[in-house]
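Enquirer: Next up, work10.pdb (PDB, N, CA and C atoms, pLDDT in the B column).
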```
ATOM      1  N   MET A 121      -2.861 -26.997  -8.271  1.00 46.00           N
ATOM      2  CA  MET A 121      -3.093 -25.556  -8.285  1.00 46.00           C
ATOM      3  C   MET A 121      -2.748 -24.970  -6.926  1.00 46.00           C
ATOM      4  N   ASN A 122      -1.971 -23.912  -6.914  1.00 57.00           N
ATOM      5  CA  ASN A 122      -1.543 -23.276  -5.674  1.00 57.00           C
ATOM      6  C   ASN A 122      -2.537 -22.181  -5.292  1.00 57.00           C
ATOM      7  N   GLU A 123      -3.403 -22.452  -4.311  1.00 67.00           N
ATOM      8  CA  GLU A 123      -4.413 -21.484  -3.901  1.00 67.00           C
ATOM      9  C   GLU A 123      -3.807 -20.449  -2.961  1.00 67.00           C
ATOM     10  N   LYS A 124      -4.093 -19.187  -3.219  1.00 78.00           N
ATOM     11  CA  LYS A 124      -3.589 -18.105  -2.392  1.00 78.00           C
ATOM     12  C   LYS A 124      -4.400 -18.004  -1.113  1.00 78.00           C
ATOM     13  N   LYS A 125      -3.736 -17.728   0.009  1.00 92.00           N
ATOM     14  CA  LYS A 125      -4.407 -17.574   1.289  1.00 92.00           C
ATOM     15  C   LYS A 125      -4.877 -16.136   1.446  1.00 92.00           C
ATOM     16  N   SER A 126      -6.144 -15.973   1.787  1.00 95.00           N
ATOM     17  CA  SER A 126      -6.682 -14.628   1.942  1.00 95.00           C
ATOM     18  C   SER A 126      -6.260 -14.017   3.273  1.00 95.00           C
ATOM     19  N   ASN A 127      -6.187 -12.687   3.286  1.00 97.00           N
ATOM     20  CA  ASN A 127      -5.859 -11.938   4.492  1.00 97.00           C
ATOM     21  C   ASN A 127      -7.155 -11.301   4.990  1.00 97.00           C
ATOM     22  N   PRO A 128      -7.724 -11.808   6.086  1.00 96.00           N
ATOM     23  CA  PRO A 128      -9.007 -11.286   6.572  1.00 96.00           C
ATOM     24  C   PRO A 128      -8.939  -9.834   7.045  1.00 96.00           C
ATOM     25  N   SER A 129      -7.744  -9.294   7.188  1.00 97.00           N
ATOM     26  CA  SER A 129      -7.589  -7.894   7.601  1.00 97.00           C
ATOM     27  C   SER A 129      -7.720  -6.913   6.437  1.00 97.00           C
ATOM     28  N   ILE A 130      -7.665  -7.432   5.192  1.00 97.00           N
ATOM     29  CA  ILE A 130      -7.741  -6.560   4.022  1.00 97.00           C
ATOM     30  C   ILE A 130      -8.902  -6.998   3.141  1.00 97.00           C
ATOM     31  N   CYS A 131     -10.031  -6.331   3.267  1.00 97.00           N
ATOM     32  CA  CYS A 131     -11.187  -6.603   2.415  1.00 97.00           C
ATOM     33  C   CYS A 131     -10.939  -5.999   1.042  1.00 97.00           C
ATOM     34  N   CYS A 132     -11.349  -6.705  -0.006  1.00 96.00           N
ATOM     35  CA  CYS A 132     -11.137  -6.219  -1.365  1.00 96.00           C
ATOM     36  C   CYS A 132     -12.190  -6.824  -2.292  1.00 96.00           C
ATOM     37  N   THR A 133     -12.753  -6.001  -3.159  1.00 95.00           N
ATOM     38  CA  THR A 133     -13.733  -6.470  -4.136  1.00 95.00           C
ATOM     39  C   THR A 133     -13.258  -6.270  -5.573  1.00 95.00           C
ATOM     40  N   VAL A 134     -11.982  -5.945  -5.757  1.00 96.00           N
ATOM     41  CA  VAL A 134     -11.441  -5.684  -7.096  1.00 96.00           C
ATOM     42  C   VAL A 134     -11.017  -7.011  -7.725  1.00 96.00           C
ATOM     43  N   GLN A 135     -11.921  -7.614  -8.440  1.00 96.00           N
ATOM     44  CA  GLN A 135     -11.681  -8.940  -9.013  1.00 96.00           C
ATOM     45  C   GLN A 135     -10.640  -8.942 -10.119  1.00 96.00           C
ATOM     46  N   GLN A 136     -10.316  -7.776 -10.664  1.00 97.00           N
ATOM     47  CA  GLN A 136      -9.324  -7.679 -11.733  1.00 97.00           C
ATOM     48  C   GLN A 136      -7.893  -7.675 -11.200  1.00 97.00           C
ATOM     49  N   CYS A 137      -7.714  -7.653  -9.881  1.00 97.00           N
ATOM     50  CA  CYS A 137      -6.389  -7.646  -9.279  1.00 97.00           C
ATOM     51  C   CYS A 137      -5.859  -9.070  -9.117  1.00 97.00           C
ATOM     52  N   ALA A 138      -4.583  -9.244  -9.385  1.00 97.00           N
ATOM     53  CA  ALA A 138      -3.943 -10.557  -9.258  1.00 97.00           C
ATOM     54  C   ALA A 138      -3.909 -11.038  -7.805  1.00 97.00           C
ATOM     55  N   TYR A 139      -4.027 -10.125  -6.845  1.00 97.00           N
ATOM     56  CA  TYR A 139      -3.952 -10.488  -5.430  1.00 97.00           C
ATOM     57  C   TYR A 139      -5.324 -10.693  -4.789  1.00 97.00           C
ATOM     58  N   HIS A 140      -6.392 -10.581  -5.570  1.00 97.00           N
ATOM     59  CA  HIS A 140      -7.754 -10.732  -5.051  1.00 97.00           C
ATOM     60  C   HIS A 140      -8.062 -12.205  -4.788  1.00 97.00           C
ATOM     61  N   CYS A 141      -8.650 -12.483  -3.637  1.00 95.00           N
ATOM     62  CA  CYS A 141      -9.090 -13.841  -3.303  1.00 95.00           C
ATOM     63  C   CYS A 141     -10.601 -13.893  -3.526  1.00 95.00           C
ATOM     64  N   ALA A 142     -11.005 -14.432  -4.654  1.00 87.00           N
ATOM     65  CA  ALA A 142     -12.407 -14.402  -5.070  1.00 87.00           C
ATOM     66  C   ALA A 142     -13.336 -15.166  -4.133  1.00 87.00           C
ATOM     67  N   LYS A 143     -12.819 -16.174  -3.460  1.00 90.00           N
ATOM     68  CA  LYS A 143     -13.716 -16.981  -2.623  1.00 90.00           C
ATOM     69  C   LYS A 143     -14.284 -16.212  -1.442  1.00 90.00           C
ATOM     70  N   ASP A 144     -13.614 -15.153  -0.994  1.00 93.00           N
ATOM     71  CA  ASP A 144     -14.148 -14.411   0.157  1.00 93.00           C
ATOM     72  C   ASP A 144     -13.900 -12.905   0.105  1.00 93.00           C
ATOM     73  N   ASP A 145     -13.610 -12.362  -1.083  1.00 95.00           N
ATOM     74  CA  ASP A 145     -13.414 -10.919  -1.268  1.00 95.00           C
ATOM     75  C   ASP A 145     -12.425 -10.306  -0.280  1.00 95.00           C
ATOM     76  N   HIS A 146     -11.226 -10.887  -0.245  1.00 97.00           N
ATOM     77  CA  HIS A 146     -10.126 -10.352   0.544  1.00 97.00           C
ATOM     78  C   HIS A 146      -8.881 -10.310  -0.327  1.00 97.00           C
ATOM     79  N   CYS A 147      -7.886  -9.582   0.125  1.00 97.00           N
ATOM     80  CA  CYS A 147      -6.591  -9.521  -0.544  1.00 97.00           C
ATOM     81  C   CYS A 147      -5.740 -10.686  -0.048  1.00 97.00           C
ATOM     82  N   THR A 148      -4.815 -11.138  -0.877  1.00 97.00           N
ATOM     83  CA  THR A 148      -3.933 -12.229  -0.464  1.00 97.00           C
ATOM     84  C   THR A 148      -2.563 -11.733   0.004  1.00 97.00           C
ATOM     85  N   LEU A 149      -2.331 -10.424  -0.092  1.00 97.00           N
ATOM     86  CA  LEU A 149      -1.062  -9.866   0.372  1.00 97.00           C
ATOM     87  C   LEU A 149      -1.056  -9.730   1.899  1.00 97.00           C
ATOM     88  N   ASN A 150       0.121  -9.710   2.494  1.00 97.00           N
ATOM     89  CA  ASN A 150       0.246  -9.482   3.935  1.00 97.00           C
ATOM     90  C   ASN A 150      -0.018  -8.030   4.295  1.00 97.00           C
ATOM     91  N   ALA A 151       0.301  -7.132   3.380  1.00 98.00           N
ATOM     92  CA  ALA A 151       0.100  -5.700   3.584  1.00 98.00           C
ATOM     93  C   ALA A 151      -0.049  -5.058   2.214  1.00 98.00           C
ATOM     94  N   ILE A 152      -0.726  -3.916   2.173  1.00 98.00           N
ATOM     95  CA  ILE A 152      -0.874  -3.167   0.930  1.00 98.00           C
ATOM     96  C   ILE A 152      -0.369  -1.745   1.135  1.00 98.00           C
ATOM     97  N   ARG A 153      -0.110  -1.049   0.031  1.00 98.00           N
ATOM     98  CA  ARG A 153       0.282   0.357   0.085  1.00 98.00           C
ATOM     99  C   ARG A 153      -0.872   1.167  -0.489  1.00 98.00           C
ATOM    100  N   VAL A 154      -1.340   2.142   0.281  1.00 97.00           N
ATOM    101  CA  VAL A 154      -2.403   3.040  -0.154  1.00 97.00           C
ATOM    102  C   VAL A 154      -1.783   4.403  -0.417  1.00 97.00           C
ATOM    103  N   GLY A 155      -2.116   4.977  -1.554  1.00 97.00           N
ATOM    104  CA  GLY A 155      -1.579   6.280  -1.915  1.00 97.00           C
ATOM    105  C   GLY A 155      -2.655   7.145  -2.533  1.00 97.00           C
ATOM    106  N   THR A 156      -2.247   8.294  -3.044  1.00 95.00           N
ATOM    107  CA  THR A 156      -3.190   9.214  -3.668  1.00 95.00           C
ATOM    108  C   THR A 156      -2.605   9.782  -4.944  1.00 95.00           C
ATOM    109  N   HIS A 157      -3.494  10.177  -5.826  1.00 92.00           N
ATOM    110  CA  HIS A 157      -3.084  10.843  -7.066  1.00 92.00           C
ATOM    111  C   HIS A 157      -3.490  12.318  -7.032  1.00 92.00           C
ATOM    112  N   GLU A 158      -3.956  12.778  -5.884  1.00 93.00           N
ATOM    113  CA  GLU A 158      -4.416  14.156  -5.711  1.00 93.00           C
ATOM    114  C   GLU A 158      -3.480  14.926  -4.785  1.00 93.00           C
ATOM    115  N   LYS A 159      -3.420  16.225  -4.964  1.00 94.00           N
ATOM    116  CA  LYS A 159      -2.614  17.074  -4.093  1.00 94.00           C
ATOM    117  C   LYS A 159      -3.236  17.174  -2.699  1.00 94.00           C
ATOM    118  N   ASP A 160      -4.570  17.227  -2.653  1.00 95.00           N
ATOM    119  CA  ASP A 160      -5.293  17.368  -1.388  1.00 95.00           C
ATOM    120  C   ASP A 160      -6.487  16.404  -1.391  1.00 95.00           C
ATOM    121  N   PRO A 161      -6.274  15.105  -1.138  1.00 94.00           N
ATOM    122  CA  PRO A 161      -7.364  14.141  -1.215  1.00 94.00           C
ATOM    123  C   PRO A 161      -8.480  14.437  -0.206  1.00 94.00           C
ATOM    124  N   CYS A 162      -9.733  14.348  -0.676  1.00 95.00           N
ATOM    125  CA  CYS A 162     -10.860  14.643   0.209  1.00 95.00           C
ATOM    126  C   CYS A 162     -12.006  13.644   0.072  1.00 95.00           C
ATOM    127  N   THR A 163     -11.909  12.696  -0.849  1.00 95.00           N
ATOM    128  CA  THR A 163     -12.930  11.661  -0.995  1.00 95.00           C
ATOM    129  C   THR A 163     -12.257  10.314  -1.250  1.00 95.00           C
ATOM    130  N   CYS A 164     -13.018   9.245  -1.130  1.00 93.00           N
ATOM    131  CA  CYS A 164     -12.482   7.900  -1.388  1.00 93.00           C
ATOM    132  C   CYS A 164     -11.940   7.769  -2.807  1.00 93.00           C
ATOM    133  N   ALA A 165     -12.554   8.475  -3.750  1.00 94.00           N
ATOM    134  CA  ALA A 165     -12.122   8.401  -5.145  1.00 94.00           C
ATOM    135  C   ALA A 165     -10.716   8.967  -5.354  1.00 94.00           C
ATOM    136  N   CYS A 166     -10.213   9.689  -4.379  1.00 95.00           N
ATOM    137  CA  CYS A 166      -8.888  10.310  -4.486  1.00 95.00           C
ATOM    138  C   CYS A 166      -7.749   9.391  -4.055  1.00 95.00           C
ATOM    139  N   VAL A 167      -8.066   8.256  -3.459  1.00 95.00           N
ATOM    140  CA  VAL A 167      -7.025   7.349  -2.970  1.00 95.00           C
ATOM    141  C   VAL A 167      -7.006   6.058  -3.790  1.00 95.00           C
ATOM    142  N   ASP A 168      -5.846   5.411  -3.830  1.00 96.00           N
ATOM    143  CA  ASP A 168      -5.641   4.230  -4.665  1.00 96.00           C
ATOM    144  C   ASP A 168      -4.893   3.147  -3.888  1.00 96.00           C
ATOM    145  N   CYS A 169      -5.160   1.902  -4.253  1.00 97.00           N
ATOM    146  CA  CYS A 169      -4.353   0.791  -3.762  1.00 97.00           C
ATOM    147  C   CYS A 169      -3.148   0.696  -4.700  1.00 97.00           C
ATOM    148  N   GLU A 170      -2.000   1.105  -4.208  1.00 97.00           N
ATOM    149  CA  GLU A 170      -0.788   1.088  -5.033  1.00 97.00           C
ATOM    150  C   GLU A 170      -0.175  -0.315  -5.133  1.00 97.00           C
ATOM    151  N   SER A 171      -0.770  -1.280  -4.451  1.00 98.00           N
ATOM    152  CA  SER A 171      -0.312  -2.661  -4.552  1.00 98.00           C
ATOM    153  C   SER A 171      -1.026  -3.409  -5.672  1.00 98.00           C
ATOM    154  N   PHE A 172      -1.987  -2.764  -6.333  1.00 97.00           N
ATOM    155  CA  PHE A 172      -2.764  -3.385  -7.404  1.00 97.00           C
ATOM    156  C   PHE A 172      -1.856  -3.911  -8.510  1.00 97.00           C
ATOM    157  N   LYS A 173      -2.168  -5.137  -8.956  1.00 98.00           N
ATOM    158  CA  LYS A 173      -1.469  -5.743 -10.093  1.00 98.00           C
ATOM    159  C   LYS A 173      -2.539  -6.418 -10.949  1.00 98.00           C
ATOM    160  N   ALA A 174      -2.630  -6.016 -12.203  1.00 98.00           N
ATOM    161  CA  ALA A 174      -3.640  -6.589 -13.096  1.00 98.00           C
ATOM    162  C   ALA A 174      -3.418  -8.082 -13.295  1.00 98.00           C
ATOM    163  N   LYS A 175      -4.506  -8.817 -13.397  1.00 95.00           N
ATOM    164  CA  LYS A 175      -4.418 -10.267 -13.642  1.00 95.00           C
ATOM    165  C   LYS A 175      -3.843 -10.531 -15.006  1.00 95.00           C
TER
END
```
How does this structure look as structure tokens?
Expert:
Amino acid sequence: MNEKKSNPSICCTVQQCAYHCAKDDHCTLNAIRVGTHEKDPCTCACVDCESFKAK
């Protein structure tokens, strides 16, 4: 089994993502893209991890 290496610089708790490292709640990508679906984002709910990939 090829275990993915976690990136300690990117904390993540989204267990449904293919890039999530469950053993320590980090992302396994080297970098992520953060974007928004709002014209004028003003809360955390307005931004998204655009690197998300469903398991």
Enquirer: As a check of understanding, name the residues that the PyMOL selection byres ((chain A and resi 150) around 8) selects in the supplied structure, as a PyMOL selection string.
Expert: chain A and resi 126-127+130+147-149+151-152
Enquirer: The selected residues should be written to file as an mmCIF file, in the frame of the given file (atoms: N, CA and C atoms).
Expert:
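Writing the result to out.cif gives the following:
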```
data_model
loop_
_atom_site.group_PDB
_atom_site.id
_atom_site.type_symbol
_atom_site.label_atom_id
_atom_site.label_comp_id
_atom_site.auth_asym_id
_atom_site.auth_seq_id
_atom_site.Cartn_x
_atom_site.Cartn_y
_atom_site.Cartn_z
ATOM 1 N N SER A 126 -6.144 -15.973 1.787
ATOM 2 C CA SER A 126 -6.682 -14.628 1.942
ATOM 3 C C SER A 126 -6.260 -14.017 3.273
ATOM 4 N N ASN A 127 -6.187 -12.687 3.286
ATOM 5 C CA ASN A 127 -5.859 -11.938 4.492
ATOM 6 C C ASN A 127 -7.155 -11.301 4.990
ATOM 7 N N ILE A 130 -7.665 -7.432 5.192
ATOM 8 C CA ILE A 130 -7.741 -6.560 4.022
ATOM 9 C C ILE A 130 -8.902 -6.998 3.141
ATOM 10 N N CYS A 147 -7.886 -9.582 0.125
ATOM 11 C CA CYS A 147 -6.591 -9.521 -0.544
ATOM 12 C C CYS A 147 -5.740 -10.686 -0.048
ATOM 13 N N THR A 148 -4.815 -11.138 -0.877
ATOM 14 C CA THR A 148 -3.933 -12.229 -0.464
ATOM 15 C C THR A 148 -2.563 -11.733 0.004
ATOM 16 N N LEU A 149 -2.331 -10.424 -0.092
ATOM 17 C CA LEU A 149 -1.062 -9.866 0.372
ATOM 18 C C LEU A 149 -1.056 -9.730 1.899
ATOM 19 N N ALA A 151 0.301 -7.132 3.380
ATOM 20 C CA ALA A 151 0.100 -5.700 3.584
ATOM 21 C C ALA A 151 -0.049 -5.058 2.214
ATOM 22 N N ILE A 152 -0.726 -3.916 2.173
ATOM 23 C CA ILE A 152 -0.874 -3.167 0.930
ATOM 24 C C ILE A 152 -0.369 -1.745 1.135
#
```
Enquirer: So which residues touch Ala138 (chain A) within 10 Å, counting only C-alpha atoms, skipping near sequence neighbours fewer than 6 positions away, as a list in words?
Expert: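 Listing them by chain and then by number gives Cys147, Thr148, Ser171, Phe172, Lys173, Ala174 and Lys175 of chain A.
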Enquirer: Go ahead and compute the interatomic distance for atom N of Cys166 (chain A) and CA of Val134 (chain A), in Å to one decimal.
Expert: 15.7 Å
Enquirer: Grab the atom N of His157 (chain A) to CA of Cys137 (chain A) distance for me, in Å with one decimal place.
Expert: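 Taking atom N of His157 (chain A) and CA of Cys137 (chain A), their separation equals 18.4 Å.
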Enquirer: Apply DSSP to the structure's backbone, then extract all residues of chain A labelled strand (DSSP E) and return them as a VMD selection string.
Expert: chain A and resid 127 to 131 140 to 141 146 to 147 154 to 156 167 to 169
Enquirer: Store the residues picked out above in a file with N, CA and C atoms, as a PDB file, in the frame of the given file.
Expert:
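Dumped everything to part-v6.pdb:
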```
ATOM      1  N   ASN A 127      -6.187 -12.687   3.286  1.00 97.00           N
ATOM      2  CA  ASN A 127      -5.859 -11.938   4.492  1.00 97.00           C
ATOM      3  C   ASN A 127      -7.155 -11.301   4.990  1.00 97.00           C
ATOM      4  N   PRO A 128      -7.724 -11.808   6.086  1.00 96.00           N
ATOM      5  CA  PRO A 128      -9.007 -11.286   6.572  1.00 96.00           C
ATOM      6  C   PRO A 128      -8.939  -9.834   7.045  1.00 96.00           C
ATOM      7  N   SER A 129      -7.744  -9.294   7.188  1.00 97.00           N
ATOM      8  CA  SER A 129      -7.589  -7.894   7.601  1.00 97.00           C
ATOM      9  C   SER A 129      -7.720  -6.913   6.437  1.00 97.00           C
ATOM     10  N   ILE A 130      -7.665  -7.432   5.192  1.00 97.00           N
ATOM     11  CA  ILE A 130      -7.741  -6.560   4.022  1.00 97.00           C
ATOM     12  C   ILE A 130      -8.902  -6.998   3.141  1.00 97.00           C
ATOM     13  N   CYS A 131     -10.031  -6.331   3.267  1.00 97.00           N
ATOM     14  CA  CYS A 131     -11.187  -6.603   2.415  1.00 97.00           C
ATOM     15  C   CYS A 131     -10.939  -5.999   1.042  1.00 97.00           C
ATOM     16  N   HIS A 140      -6.392 -10.581  -5.570  1.00 97.00           N
ATOM     17  CA  HIS A 140      -7.754 -10.732  -5.051  1.00 97.00           C
ATOM     18  C   HIS A 140      -8.062 -12.205  -4.788  1.00 97.00           C
ATOM     19  N   CYS A 141      -8.650 -12.483  -3.637  1.00 95.00           N
ATOM     20  CA  CYS A 141      -9.090 -13.841  -3.303  1.00 95.00           C
ATOM     21  C   CYS A 141     -10.601 -13.893  -3.526  1.00 95.00           C
ATOM     22  N   HIS A 146     -11.226 -10.887  -0.245  1.00 97.00           N
ATOM     23  CA  HIS A 146     -10.126 -10.352   0.544  1.00 97.00           C
ATOM     24  C   HIS A 146      -8.881 -10.310  -0.327  1.00 97.00           C
ATOM     25  N   CYS A 147      -7.886  -9.582   0.125  1.00 97.00           N
ATOM     26  CA  CYS A 147      -6.591  -9.521  -0.544  1.00 97.00           C
ATOM     27  C   CYS A 147      -5.740 -10.686  -0.048  1.00 97.00           C
ATOM     28  N   VAL A 154      -1.340   2.142   0.281  1.00 97.00           N
ATOM     29  CA  VAL A 154      -2.403   3.040  -0.154  1.00 97.00           C
ATOM     30  C   VAL A 154      -1.783   4.403  -0.417  1.00 97.00           C
ATOM     31  N   GLY A 155      -2.116   4.977  -1.554  1.00 97.00           N
ATOM     32  CA  GLY A 155      -1.579   6.280  -1.915  1.00 97.00           C
ATOM     33  C   GLY A 155      -2.655   7.145  -2.533  1.00 97.00           C
ATOM     34  N   THR A 156      -2.247   8.294  -3.044  1.00 95.00           N
ATOM     35  CA  THR A 156      -3.190   9.214  -3.668  1.00 95.00           C
ATOM     36  C   THR A 156      -2.605   9.782  -4.944  1.00 95.00           C
ATOM     37  N   VAL A 167      -8.066   8.256  -3.459  1.00 95.00           N
ATOM     38  CA  VAL A 167      -7.025   7.349  -2.970  1.00 95.00           C
ATOM     39  C   VAL A 167      -7.006   6.058  -3.790  1.00 95.00           C
ATOM     40  N   ASP A 168      -5.846   5.411  -3.830  1.00 96.00           N
ATOM     41  CA  ASP A 168      -5.641   4.230  -4.665  1.00 96.00           C
ATOM     42  C   ASP A 168      -4.893   3.147  -3.888  1.00 96.00           C
ATOM     43  N   CYS A 169      -5.160   1.902  -4.253  1.00 97.00           N
ATOM     44  CA  CYS A 169      -4.353   0.791  -3.762  1.00 97.00           C
ATOM     45  C   CYS A 169      -3.148   0.696  -4.700  1.00 97.00           C
TER      46      CYS A 169
END
```
Enquirer: Figure out the distance between atom C of Gly155 (chain A) and atom C of Thr133 (chain A), please, to one decimal in Å.
Expert: 17.4 Å
